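> Coordinates in start_27.csv, CSV, C-alpha atoms, are listed below.
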```csv
chain,number,residue,atom,x,y,z
T,1,MET,CA,83.8,108.3,70.8
T,2,LEU,CA,80.5,106.5,70.6
T,3,ALA,CA,79.4,106.2,66.9
T,4,LEU,CA,75.7,105.6,66.4
T,5,ASP,CA,76.1,105.5,62.6
T,6,LYS,CA,78.1,107.1,59.8
T,7,GLU,CA,76.7,110.6,60.5
T,8,ARG,CA,76.1,110.7,64.3
T,9,SER,CA,78.6,110.4,67.1
T,10,PHE,CA,79.0,111.4,70.7
T,11,ILE,CA,82.5,112.4,71.8
T,12,ALA,CA,84.2,113.0,75.2
T,13,SER,CA,87.7,113.8,76.3
T,14,VAL,CA,89.2,112.8,79.7
T,15,PRO,CA,92.7,113.1,81.1
T,16,LEU,CA,93.8,109.5,81.2
T,17,GLY,CA,97.4,110.6,81.6
T,18,PRO,CA,100.6,108.8,81.0
T,19,SER,CA,100.2,106.6,84.2
T,20,LEU,CA,98.1,104.2,82.1
T,21,GLU,CA,101.3,103.6,80.1
T,22,GLY,CA,103.4,103.2,83.3
T,23,ILE,CA,105.0,106.6,83.0
T,24,GLY,CA,105.2,108.6,86.3
T,25,LEU,CA,104.7,105.6,88.5
T,26,ARG,CA,107.5,104.6,90.9
T,27,TYR,CA,108.9,101.8,88.6
T,28,GLY,CA,107.0,102.7,85.5
T,29,GLY,CA,108.4,103.0,82.0
T,30,VAL,CA,107.9,102.3,78.3
T,31,ALA,CA,107.4,98.8,77.0
T,32,ASP,CA,110.9,97.8,76.0
T,33,THR,CA,113.5,95.2,76.7
T,34,GLY,CA,113.6,94.7,80.5
T,35,SER,CA,110.1,95.9,81.0
T,36,VAL,CA,107.6,93.8,82.9
T,37,SER,CA,104.6,93.4,80.6
T,38,GLY,CA,102.6,91.2,83.0
T,39,PHE,CA,102.5,89.2,86.2
T,40,ARG,CA,101.6,85.6,86.8
T,41,LEU,CA,100.2,84.2,90.1
T,42,GLY,CA,101.8,81.1,91.5
T,43,PRO,CA,101.6,79.3,94.9
T,44,PHE,CA,104.6,81.3,96.2
T,45,GLY,CA,103.7,84.7,94.9
T,46,LEU,CA,104.1,86.8,91.8
T,47,SER,CA,106.3,86.1,88.9
T,48,PRO,CA,107.0,88.7,86.2
T,49,VAL,CA,106.7,88.3,82.4
T,50,VAL,CA,109.6,90.4,81.1
T,51,ILE,CA,110.1,91.6,77.5
T,52,GLY,CA,113.2,90.1,76.1
T,53,ASN,CA,113.4,87.5,78.8
T,54,THR,CA,116.0,89.6,80.8
T,55,GLU,CA,116.2,90.8,84.3
T,56,PRO,CA,113.2,93.1,85.1
T,57,LYS,CA,114.1,96.8,85.2
T,58,ARG,CA,110.7,98.6,85.0
T,59,ILE,CA,107.0,98.0,84.7
T,60,CYS,CA,105.0,99.2,81.6
T,61,GLY,CA,101.3,99.9,81.5
T,62,THR,CA,100.1,96.4,80.8
T,63,GLY,CA,102.4,95.1,83.6
T,64,TYR,CA,100.8,97.4,86.1
T,65,LEU,CA,97.2,96.5,85.0
T,66,SER,CA,98.1,92.8,85.1
T,67,LEU,CA,99.6,93.3,88.6
T,68,LEU,CA,96.5,95.0,90.0
T,69,ASP,CA,94.3,92.4,88.4
T,70,ALA,CA,96.2,89.7,90.1
T,71,LEU,CA,96.2,91.4,93.5
T,72,LEU,CA,92.5,92.0,93.4
T,73,ARG,CA,91.9,88.4,92.5
T,74,THR,CA,93.9,87.2,95.5
T,75,GLY,CA,92.2,89.5,97.9
T,76,PHE,CA,95.4,91.5,98.6
T,77,LEU,CA,93.6,94.7,97.6
T,78,ASP,CA,90.0,95.7,98.0
T,79,ALA,CA,87.9,97.5,95.5
T,80,THR,CA,89.0,100.9,96.7
T,81,GLY,CA,92.6,100.0,96.1
T,82,ARG,CA,93.5,99.8,99.8
T,83,LEU,CA,95.2,96.8,101.4
T,84,ALA,CA,92.6,94.2,102.5
T,85,SER,CA,91.7,94.4,106.2
T,86,ALA,CA,91.8,90.6,106.4
T,87,PRO,CA,93.4,88.2,104.0
T,88,VAL,CA,90.9,86.0,102.1
T,89,SER,CA,93.5,83.5,100.8
T,90,PRO,CA,96.8,82.1,101.9
T,91,LEU,CA,98.6,83.9,99.1
T,92,ALA,CA,97.0,87.2,100.1
T,93,ALA,CA,98.2,86.6,103.6
T,94,ARG,CA,101.7,85.8,102.3
T,95,LEU,CA,101.9,89.0,100.3
T,96,LEU,CA,100.5,91.2,103.0
T,97,GLY,CA,103.2,89.8,105.3
T,98,THR,CA,105.9,91.3,103.0
T,99,VAL,CA,104.3,94.8,102.9
T,100,GLU,CA,106.6,97.6,104.1
T,101,ARG,CA,105.1,100.7,105.7
T,102,GLY,CA,106.6,104.1,106.1
T,103,ALA,CA,105.8,107.8,106.1
T,104,ALA,CA,105.0,107.8,102.4
T,105,GLY,CA,102.6,104.9,102.8
T,106,TRP,CA,102.7,101.2,102.1
T,107,SER,CA,104.7,99.4,99.4
T,108,LEU,CA,104.8,95.8,98.2
T,109,PRO,CA,108.2,94.4,97.3
T,110,LEU,CA,108.3,92.9,93.8
T,111,PRO,CA,110.8,90.7,91.9
T,112,GLY,CA,113.9,92.5,90.6
T,113,GLY,CA,114.1,94.8,93.5
T,114,MET,CA,111.1,96.8,92.4
T,115,GLU,CA,107.9,97.6,94.4
T,116,LEU,CA,104.3,98.6,94.1
T,117,ALA,CA,103.4,101.7,96.1
T,118,GLY,CA,100.0,102.6,97.4
T,119,ALA,CA,100.4,105.9,95.6
T,120,ASP,CA,100.8,104.0,92.3
T,121,VAL,CA,97.6,102.2,92.9
T,122,GLU,CA,95.8,105.5,93.5
T,123,GLU,CA,97.1,107.0,90.3
T,124,ILE,CA,95.9,104.1,88.2
T,125,LEU,CA,92.6,104.2,90.0
T,126,LYS,CA,92.2,107.8,89.0
T,127,VAL,CA,92.7,106.8,85.4
T,128,LYS,CA,90.2,104.0,85.7
T,129,ALA,CA,87.6,106.4,87.1
T,130,ALA,CA,88.1,108.8,84.2
T,131,PHE,CA,87.8,106.0,81.7
T,132,SER,CA,84.7,104.4,83.1
T,133,LEU,CA,83.0,107.7,83.7
T,134,ALA,CA,83.5,108.8,80.1
T,135,LEU,CA,82.1,105.5,78.8
T,136,GLU,CA,79.1,105.7,81.2
T,137,SER,CA,78.5,109.4,80.1
T,138,LEU,CA,78.6,108.6,76.4
T,139,LEU,CA,76.1,105.8,76.8
T,140,ALA,CA,73.8,108.0,78.9
T,141,ALA,CA,74.0,110.8,76.3
T,142,SER,CA,73.1,108.4,73.5
T,143,GLY,CA,70.4,106.6,75.4
T,144,LEU,CA,72.1,103.2,75.0
T,145,GLU,CA,73.0,100.5,77.4
T,146,SER,CA,76.4,98.8,77.2
T,147,ARG,CA,74.9,95.6,75.9
T,148,ALA,CA,73.7,97.5,72.8
T,149,LEU,CA,77.3,98.2,71.7
T,150,ALA,CA,78.4,96.1,68.7
T,151,ARG,CA,82.1,96.7,69.3
T,152,VAL,CA,84.6,98.5,71.5
T,153,CYS,CA,87.7,99.7,69.6
T,154,LEU,CA,90.9,100.5,71.5
T,155,GLY,CA,93.7,102.5,69.8
T,156,GLY,CA,97.3,102.5,70.8
T,157,ALA,CA,99.8,99.8,71.9
T,158,LEU,CA,98.2,99.5,75.3
T,159,GLY,CA,94.9,98.3,73.9
T,160,GLU,CA,96.8,95.9,71.6
T,161,HIS,CA,98.7,94.2,74.5
T,162,MET,CA,96.1,94.6,77.3
T,163,PRO,CA,96.0,91.6,79.6
T,164,GLU,CA,93.0,89.3,78.8
T,165,THR,CA,89.9,90.2,80.9
T,166,ALA,CA,91.8,92.8,82.9
T,167,LEU,CA,89.8,95.8,81.6
T,168,GLU,CA,86.5,94.1,82.7
T,169,ARG,CA,87.8,92.9,86.1
T,170,LEU,CA,89.3,96.3,86.9
T,171,GLY,CA,86.2,98.1,85.9
T,172,PHE,CA,87.3,100.0,82.9
T,173,LEU,CA,84.6,98.3,80.9
T,174,PRO,CA,81.2,97.1,82.0
T,175,GLN,CA,80.7,93.4,82.4
T,176,GLY,CA,80.2,91.6,79.1
T,177,LEU,CA,82.1,94.1,76.9
T,178,GLN,CA,85.5,92.5,77.0
T,179,ALA,CA,84.4,89.9,74.4
T,180,ARG,CA,83.4,92.6,72.0
T,181,THR,CA,86.6,94.6,72.5
T,182,VAL,CA,89.2,94.7,69.7
T,183,ALA,CA,92.6,96.3,69.5
T,184,GLU,CA,93.1,98.6,66.5
T,185,GLY,CA,96.7,99.5,67.0
T,186,ASN,CA,98.1,103.0,66.2
T,187,THR,CA,95.0,104.5,64.7
T,188,SER,CA,96.4,108.1,65.0
T,189,LEU,CA,99.4,107.3,62.8
T,190,ARG,CA,97.3,105.4,60.3
T,191,GLY,CA,94.7,108.2,60.2
T,192,ALA,CA,97.4,110.8,59.5
T,193,ALA,CA,98.9,108.7,56.8
T,194,LEU,CA,95.5,108.1,55.2
T,195,LEU,CA,94.9,111.9,55.0
T,196,LEU,CA,98.3,112.5,53.5
T,197,THR,CA,97.7,109.9,50.8
T,198,ARG,CA,94.0,110.6,50.2
T,199,PRO,CA,93.5,114.4,50.8
T,200,GLU,CA,90.0,114.1,49.4
T,201,LEU,CA,88.9,112.5,52.6
T,202,ARG,CA,89.4,115.7,54.5
T,203,GLU,CA,86.1,117.1,53.2
T,204,ARG,CA,84.3,113.9,54.4
T,205,LEU,CA,86.0,114.3,57.8
T,206,VAL,CA,84.8,117.9,58.2
T,207,ARG,CA,81.3,116.8,57.3
T,208,TRP,CA,81.5,114.0,59.8
T,209,SER,CA,82.7,116.2,62.6
T,210,SER,CA,79.6,118.5,62.2
T,211,GLY,CA,77.5,115.5,63.3
T,212,CYS,CA,79.5,115.0,66.6
T,213,THR,CA,78.0,115.9,69.9
T,214,LEU,CA,80.4,116.9,72.6
T,215,VAL,CA,79.7,115.4,76.1
T,216,ASP,CA,81.5,117.9,78.4
T,217,LEU,CA,82.1,115.9,81.5
T,218,ALA,CA,83.8,118.6,83.6
T,219,ALA,CA,81.0,121.1,82.9
T,220,ARG,CA,78.5,118.9,84.8
T,221,PRO,CA,77.7,120.3,88.2
T,222,ASP,CA,77.8,116.7,89.6
T,223,PHE,CA,81.1,115.9,88.0
T,224,THR,CA,83.1,115.5,91.2
T,225,ALA,CA,80.5,113.2,92.8
T,226,LEU,CA,80.3,111.1,89.7
T,227,TYR,CA,84.0,110.8,89.4
T,228,MET,CA,84.4,109.7,93.0
T,229,ARG,CA,81.7,107.1,92.5
T,230,HIS,CA,83.9,105.6,89.8
T,231,MET,CA,87.0,105.5,92.1
T,232,VAL,CA,86.7,101.8,92.7
T,233,PHE,CA,87.9,98.7,90.8
T,234,GLY,CA,85.5,96.3,89.3
```
Represent the structure of the file as structure tokens.

Amino acid sequence: MLALDKERSFIASVPLGPSLEGIGLRYGGVADTGSVSGFRLGPFGLSPVVIGNTEPKRICGTGYLSLLDALLRTGFLDATGRLASAPVSPLAARLLGTVERGAAGWSLPLPGGMELAGADVEEILKVKAAFSLALESLLAASGLESRALARVCLGGALGEHMPETALERLGFLPQGLQARTVAEGNTSLRGAALLLTRPELRERLVRWSSGCTLVDLAARPDFTALYMRHMVFG
């Protein structure tokens, strides 16, 4: 949702899917004890940050985004999510040397016996494309540029624990917006609780919704071309 003021907003809906939370990916899972919530780059490779300081068992959404951010920075991956054709750093060369290839595609071994598959990267790239296309379309409908936004609010736990600068580097957000992005936590739960405790707000909500303009992305004849243009990181 892009809110111009208290009465006017533009809204869009895109299928971000559970892969943004790590669900459905080869080693994906919820953020719980044993989940990798991030990756650090070191001279010898990648080291996981594990919730509960235990052995890594799975990778949650922030872990995957942190991992892709690190691999893009080293030059292991290019902007399309494919393996780099030539390593641009010694660390990228070291990581590329560990890649396993098979009928299902390539995979990168990770600590804890886990791995990152090329198919996982593609799934996350689809989510990124939907996210950035929705934001671009809302801005276009409102006639605004991203630099005009006062604040970007992210709901949910993912926004609250997002790796610093990863949204901008991966291309979810245009350059310059990360500094104006704030995590709002579980807004759905707080909103439901607010309506239960203050039912008089329902009428205000109904009035507000009448001022919302739907931006139907899938109805655009050029949707597929636009979506494919966003299928890049950064």
> Using all atoms listed in the file, find the one residue out of T:Ala148, T:Val49, T:Ala157, T:Val127 that sits nearest to Val30 of chain T.
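Checking each of T:Ala148, T:Val49, T:Ala157, T:Val127 against Val30 of chain T, counting all atoms listed in the file, the winner is T:Ala157.
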> For the contact check between segment 99-130 of chain T and segment 11-16 of chain T, emit one row per residue of segment 99-130 of chain T within 12 Å, containing the shortest atom pair and the distance in Å rounded to one decimal, counting all atoms listed in the file, chain then rising number order, as a tab-separated table.

```
residue	atom	partner	partner_atom	distance
T:Glu123	CA	T:Leu16	CA	10.0
T:Ile124	CA	T:Leu16	CA	9.1
T:Leu125	CA	T:Leu16	CA	10.3
T:Lys126	CA	T:Leu16	CA	8.1
T:Val127	CA	T:Leu16	CA	5.1
T:Lys128	CA	T:Leu16	CA	8.0
T:Ala129	CA	T:Leu16	CA	9.1
T:Ala130	CA	T:Val14	CA	6.1
```
> Keeping only C-alpha atoms, write the selected residues as a compact mmCIF listing (two decimals), in the coordinates of the input.

```txt
# COMPACT_ATOMS: atom_id res chain seq x y z
CA GLU T 123 97.10 107.00 90.30
CA ILE T 124 95.90 104.10 88.20
CA LEU T 125 92.60 104.20 90.00
CA LYS T 126 92.20 107.80 89.00
CA VAL T 127 92.70 106.80 85.40
CA LYS T 128 90.20 104.00 85.70
CA ALA T 129 87.60 106.40 87.10
CA ALA T 130 88.10 108.80 84.20
```
> What separation in Å, quoted to one decimal, exists between atom CA of Pro221 of chain T and atom CA of Ser137 of chain T?
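Computing the Euclidean distance for atom CA of Pro221 of chain T and atom CA of Ser137 of chain T yields 13.6 Å.
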> Name the residues in contact with segment 67-75 of chain T at a cut-off of 8 Å, using all atoms listed in the file, excluding same-chain residues fewer than 6 positions from it; report them as a ChimeraX atom specification.
/T:38-41,84,87-89,91-92,121,166,169-170
> Quick one: everything within 9 Å of segment 181-185 of chain T, counting all atoms listed in the file, minus sequence neighbours fewer than 3 positions away in the same chain. Send it as a list in words.
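Using all atoms listed in the file, the neighbours found are Arg151, Val152, Cys153, Leu154, Gly155, Gly156, Ala157, Leu158, Gly159, Glu160, His161, Met162, Leu177, Gln178, Ser188 and Arg190 of chain T.
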> Closest to Glu145 of chain T among T:Glu55, T:Gln175, T:Thr98, T:Tyr227, using all atoms listed in the file?
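With all atoms listed in the file as the atom set, the closest residue is T:Gln175.
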> From the options T:Gly81, T:Thr213, T:Arg94, T:Phe172, which residue's atoms come nearest to Phe131 of chain T, counting all atoms listed in the file?
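Closest to Phe131 of chain T of all the choices is T:Phe172.
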> Per residue of segment 133-191 of chain T within 9 Å of segment 1-7 of chain T, what are the shortest atom pair and its distance in Å to one decimal, counting all atoms listed in the file, with rows by chain and residue number, as a tab-separated table?

```
residue	atom	partner	partner_atom	distance
T:Leu135	CA	T:Leu2	CA	8.4
T:Leu138	CA	T:Leu2	CA	6.5
T:Leu139	CA	T:Leu2	CA	7.6
T:Ser142	CA	T:Leu4	CA	8.1
T:Leu149	CA	T:Leu2	CA	9.0
```
> Pick out the residues sitting within 10 Å of Asp32 of chain T, and hand them over as a list of chain:residue names; count only C-alpha atoms, and ignore anything fewer than 5 positions along from it in its own chain.
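Those residues are T:Ser37, T:Val50, T:Ile51, T:Gly52, T:Lys57, T:Arg58, T:Ile59, T:Cys60.
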> Kindly indicate which residue among T:Arg26, T:Val232, T:Leu167, T:Pro90 lies nearest to Leu108 of chain T, using only C-alpha atoms for the distances.
T:Arg26
> Between atom CA of Pro48 of chain T and atom CA of Glu115 of chain T, measure the distance and give it in Å to one decimal.
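Going from atom CA of Pro48 of chain T over to atom CA of Glu115 of chain T, I get 12.1 Å.
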